[in-house]
Each structure stands twice: as C-alpha cells, then as structure tokens.
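Have a look at run_5.cif below; it lists mmCIF, C-alpha atoms.
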data_work
#
loop_
_atom_site.label_atom_id
_atom_site.label_comp_id
_atom_site.auth_asym_id
_atom_site.auth_seq_id
_atom_site.Cartn_x
_atom_site.Cartn_y
_atom_site.Cartn_z
CA MET T 926 178.18 41.31 130.84
CA SER T 927 180.80 41.89 133.52
CA LEU T 928 180.86 44.94 135.78
CA SER T 929 184.10 46.23 134.24
CA ARG T 930 182.72 45.85 130.72
CA ARG T 931 179.52 47.68 131.66
CA SER T 932 181.58 50.44 133.28
CA LEU T 933 183.71 50.74 130.15
CA GLU T 934 180.63 50.91 127.91
CA ARG T 935 179.04 53.54 130.17
CA PHE T 936 182.25 55.57 130.03
CA ARG T 937 182.38 55.31 126.23
CA SER T 938 178.79 56.50 125.92
CA GLN T 939 179.38 59.52 128.20
CA PRO T 940 183.11 60.26 128.02
CA SER T 941 182.93 63.93 128.86
CA SER T 942 181.70 63.35 132.38
CA ILE T 943 184.24 64.44 134.99
CA ARG T 944 182.63 61.95 137.33
CA ASN T 945 183.17 59.06 134.91
CA ALA T 946 186.78 60.08 134.29
CA THR T 947 187.50 60.35 138.00
CA LEU T 948 185.89 56.98 138.69
CA ALA T 949 187.90 55.35 135.89
CA ILE T 950 191.23 56.65 137.21
CA ILE T 951 190.37 55.82 140.83
CA GLY T 952 189.14 52.35 139.86
CA THR T 953 192.25 51.65 137.83
CA THR T 954 194.56 52.79 140.61
CA ILE T 955 192.70 50.81 143.28
CA GLY T 956 192.71 47.75 141.03
CA ALA T 957 196.47 48.03 140.50
CA VAL T 958 197.12 48.52 144.24
CA VAL T 959 194.93 45.61 145.33
CA GLY T 960 196.18 43.34 142.53
CA GLY T 961 199.79 44.13 143.38
CA ALA T 962 199.17 43.56 147.09
CA VAL T 963 197.60 40.18 146.44
CA LEU T 964 200.48 39.15 144.17
CA VAL T 965 203.18 40.28 146.58
CA ARG T 966 201.34 38.63 149.50
CA ILE T 967 201.12 35.35 147.58
CA PHE T 968 204.67 35.29 146.16
CA ALA T 969 206.57 36.98 149.01
CA ARG T 970 204.53 35.87 152.01
CA GLY T 971 207.54 35.78 154.31
CA GLU T 972 208.37 39.44 153.72
CA TYR T 973 204.83 40.78 154.07
CA GLN T 974 203.27 39.41 157.23
CA SER T 975 199.91 41.14 156.77
CA ILE T 976 197.75 42.24 153.86
CA GLY T 977 198.14 45.78 155.26
CA ASP T 978 201.91 45.67 154.71
CA ALA T 979 201.37 44.28 151.21
CA LEU T 980 198.83 47.02 150.41
CA TRP T 981 201.18 49.71 151.73
CA TYR T 982 204.05 48.37 149.64
CA SER T 983 201.83 48.11 146.56
CA LEU T 984 200.49 51.64 147.02
CA GLN T 985 204.03 53.01 147.28
CA THR T 986 205.03 51.05 144.19
CA VAL T 987 202.02 52.08 142.07
CA THR T 988 202.49 55.75 142.93
CA THR T 989 206.29 55.46 142.51
CA VAL T 990 206.79 57.09 145.91
CA GLY T 991 208.79 54.24 147.44
CA TYR T 992 209.40 55.49 150.98
CA GLY T 993 211.69 52.54 151.62
CA ASP T 994 210.06 51.47 154.87
CA VAL T 995 208.60 48.37 153.19
CA THR T 996 210.82 46.85 150.53
CA PRO T 997 211.09 43.38 149.06
CA GLU T 998 214.19 41.39 150.03
CA SER T 999 213.71 38.36 147.83
CA ALA T 1000 214.06 38.17 144.06
CA VAL T 1001 210.45 37.05 143.76
CA GLY T 1002 209.26 40.10 145.75
CA ARG T 1003 211.34 42.42 143.59
CA ILE T 1004 210.06 40.84 140.38
CA VAL T 1005 206.48 41.23 141.57
CA GLY T 1006 207.29 44.84 142.49
CA ALA T 1007 208.75 45.49 139.03
CA VAL T 1008 205.73 43.95 137.35
CA VAL T 1009 203.38 46.05 139.53
CA MET T 1010 205.35 49.21 138.70
CA LEU T 1011 205.47 48.64 134.96
CA THR T 1012 201.90 47.44 134.71
CA ALA T 1013 200.44 50.18 136.90
CA ILE T 1014 202.40 53.00 135.30
CA GLY T 1015 201.56 51.81 131.79
CA PHE T 1016 197.94 51.02 132.60
CA ILE T 1017 197.25 54.28 134.40
CA THR T 1018 198.95 56.19 131.59
CA VAL T 1019 196.77 54.48 128.98
CA ILE T 1020 193.61 55.11 131.00
CA THR T 1021 194.56 58.78 131.44
CA ALA T 1022 195.29 59.11 127.71
CA ALA T 1023 191.96 57.48 126.84
CA ILE T 1024 190.13 59.88 129.14
CA THR T 1025 191.97 62.85 127.67
CA SER T 1026 191.12 61.62 124.18
CA ALA T 1027 187.47 61.26 125.17
CA PHE T 1028 187.41 64.84 126.50
CA VAL T 1029 189.01 66.15 123.29
CA GLU T 1030 186.51 64.19 121.17
CA ALA T 1031 183.57 65.50 123.22
CA ALA T 1032 184.85 69.07 122.82
CA ARG T 1033 185.25 68.53 119.05
CA ARG T 1034 181.69 67.19 118.75
CA LYS T 1035 180.33 70.13 120.74
CA ALA T 1036 182.22 72.59 118.52
CA GLU T 1037 180.75 70.88 115.42
CA GLN T 1038 177.24 71.08 116.86
CA ASP T 1039 177.72 74.74 117.72
CA GLU T 1040 178.99 75.40 114.20
CA GLU T 1041 175.98 73.60 112.70
CA LEU T 1042 173.62 75.66 114.87
CA GLU T 1043 175.42 78.85 113.88
CA THR T 1044 175.23 77.88 110.19
CA SER T 1045 171.52 77.12 110.42
CA ASP T 1046 170.95 80.45 112.22
CA GLU T 1047 172.78 82.23 109.40
CA GLU T 1048 170.75 80.35 106.79
CA ARG T 1049 167.49 81.33 108.52
CA ALA T 1050 168.61 84.96 108.67
CA ALA T 1051 169.47 84.89 104.96
CA GLU T 1052 166.05 83.41 104.17
CA ARG T 1053 164.33 86.15 106.20
CA ILE T 1054 166.33 88.83 104.35
CA GLU T 1055 165.45 87.29 100.97
CA ALA T 1056 161.76 87.18 101.94
CA ALA T 1057 161.89 90.83 103.05
CA ILE T 1058 163.56 91.87 99.79
CA GLY T 1059 160.92 89.93 97.82
CA ALA T 1060 158.14 91.68 99.76
CA ILE T 1061 159.74 95.06 99.06
CA GLY T 1062 159.98 94.18 95.35
CA SER T 1063 156.30 93.18 95.25
CA ARG T 1064 155.31 96.39 96.98
CA LEU T 1065 157.35 98.47 94.53
CA ASP T 1066 155.65 96.65 91.63
CA ARG T 1067 152.21 97.50 93.10
CA ILE T 1068 153.21 101.13 93.60
CA GLU T 1069 154.42 101.37 89.98
CA GLU T 1070 151.17 99.81 88.76
CA ALA T 1071 149.13 102.27 90.83
CA LEU T 1072 151.13 105.21 89.46
CA ALA T 1073 150.72 103.95 85.91
CA ILE T 1074 146.96 103.69 86.33
CA ARG T 1075 146.75 107.16 87.86
CA ASP T 1076 148.98 108.85 85.26
CA GLY T 1077 147.71 106.95 82.25
CA PRO T 1078 149.72 105.21 79.58
CA PRO T 1079 153.37 106.13 79.25
CA GLY T 1080 154.03 109.20 77.11
CA ARG T 1081 150.63 110.78 77.88
CA SER T 1082 150.54 113.68 80.20
CA ASP T 1083 147.47 115.35 81.67
CA ALA T 1084 149.39 118.49 82.37
CA ALA T 1085 149.14 121.40 79.94
CA PRO T 1086 152.08 121.80 77.66
CA GLU T 1087 154.51 124.47 78.59
CA PRO T 1088 154.44 127.51 76.33
CA ASP T 1089 157.36 128.10 74.04
CA ARG T 1090 159.48 131.02 74.88
#
Is it possible to express this structure as structure tokens?
Amino acid sequence: MSLSRRSLERFRSQPSSIRNATLAIIGTTIGAVVGGAVLVRIFARGEYQSIGDALWYSLQTVTTVGYGDVTPESAVGRIVGAVVMLTAIGFITVITAAITSAFVEAARRKAEQDEELETSDEERAAERIEAAIGAIGSRLDRIEEALAIRDGPPGRSDAAPEPDR
C-alpha cells in the first residue's frame, strides 16, 4: 500500500484529529507546489533557471498571491501556470471540504453517543424509581397485614361500644 493511501486511510479512521487535518492540508499544498515547480521547470526551462525560481513561482501560483517578480513569458509556461492554479485551488478546496465534513461527522457521532449515554442514564434512573416504588408498595402491604393481625378480622372491634345518648 502506498504512503499516500496509508495516510488517507489513517485520516479516515481518525478524522477529528486537528493534527491529521493540518498534515493533510500541508501535504496537499506542498505536493501542489513541488509538482507545479517540477512541471514548470520541465516545460519552461528557459524561463526558470533554477528549481528555486520554479518553486517560488509555483508557491505564488498555488497561493494565488502572484507578486509578479517571477512570471512565465512563454505560452507553455502560462499553460502550466494555469493548470497549477486550477488544480491546486480545486484540490485544496476539496481536501478542506473533506476535512470539514470529517469534523462535522465526528461531532455528529459524539452527539449521538452523548445522547445514548444520557438516555441510558435516564433509563437507569427510571428503573431505580420503579424499584423504590415497588419496595414502598411491599412495605405498605406488610404494614397492612400487621395491622390486620393486630386488630383482628375486619368489622370486629376490641373497643367497647359507645353508649347511646
């Protein structure tokens, strides 16, 4: 498995890591800068005498800064520059959107887990309340039985009848 594929799989398995997101954006930007520099150095060698000039031009192009100190003169150099711009802007945008989506998904999953924990806490509390009510009911039944034994059968009274007046 290639390094980029392993990195992508690692990012997918742990998308909510700020470190992973930062590394993905930095890696994508560096890849676009270096790739653009290599292309412009190959196809417009006469305009970019050193790899440093090509890297500087590519960095300006990827970031859309374009200071103007290093610009392509030939059609080939401009075409490479346009391809670098469109590719880098689109690619970095897609990577950023994927990272944002991963953060949103991670937050949604965490909210679901929190909700499940809250629901299970509520269910446990309801079970404890039901058990307490059952215990109270059993105790009341025992108290009624004890009173019935002490007072005798219903309708019988050990107390003397009240005199008529």
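Checking T:Ala1057, T:Val965, T:Ile955, T:Leu980 one by one against T:Ile1004, counting only C-alpha atoms, you find the shortest gap at T:Val965.
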(request) Check which residues satisfy the PyMOL selection byres ((chain T and resi 968) around 12) in the file shown, then give them as a ChimeraX atom specification. (result) /T:961-967,969-974,979,997-1006
Please write as a short mmCIF file (atom, residue, chain, number, x, y, z; two decimals) with C-alpha atoms, in the coordinates of the input the full residue list that the PyMOL selection byres ((chain T and resi 988) around 12) yields on this file.
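Once everything was written out, this is part_39.cif:
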data_model
loop_
_atom_site.label_atom_id
_atom_site.label_comp_id
_atom_site.auth_asym_id
_atom_site.auth_seq_id
_atom_site.Cartn_x
_atom_site.Cartn_y
_atom_site.Cartn_z
CA THR T 954 194.56 52.79 140.61
CA ILE T 955 192.70 50.81 143.28
CA ALA T 957 196.47 48.03 140.50
CA VAL T 958 197.12 48.52 144.24
CA GLY T 961 199.79 44.13 143.38
CA TRP T 981 201.18 49.71 151.73
CA TYR T 982 204.05 48.37 149.64
CA SER T 983 201.83 48.11 146.56
CA LEU T 984 200.49 51.64 147.02
CA GLN T 985 204.03 53.01 147.28
CA THR T 986 205.03 51.05 144.19
CA VAL T 987 202.02 52.08 142.07
CA THR T 989 206.29 55.46 142.51
CA VAL T 990 206.79 57.09 145.91
CA GLY T 991 208.79 54.24 147.44
CA TYR T 992 209.40 55.49 150.98
CA GLY T 1006 207.29 44.84 142.49
CA VAL T 1009 203.38 46.05 139.53
CA MET T 1010 205.35 49.21 138.70
CA LEU T 1011 205.47 48.64 134.96
CA THR T 1012 201.90 47.44 134.71
CA ALA T 1013 200.44 50.18 136.90
CA ILE T 1014 202.40 53.00 135.30
CA GLY T 1015 201.56 51.81 131.79
CA ILE T 1017 197.25 54.28 134.40
CA THR T 1018 198.95 56.19 131.59
#
(message) Under the rule that all atoms listed in the file are counted, which of T:Leu1065, T:Ile1074, T:Ala1051, T:Ile1020 is the nearest residue to T:Ile951?
(response) T:Ile1020
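Atom pair atom CA of T:Thr1021 / atom CA of T:Arg930 has a distance of 17.5 Å (rounded to one decimal).
Note that the spacing between atom CA of T:Phe1028 and atom CA of T:Leu948 amounts to 14.6 Å.
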(request) Find the distance between atom CA of T:Thr996 and atom CA of T:Val1019 and write it in Å to one decimal. (result) 26.8 Å
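Of the listed residues (T:Leu1072, T:Val959, T:Ala1027, T:Ala1022), T:Val959 comes nearest to T:Ile976; the distances count all atoms listed in the file.
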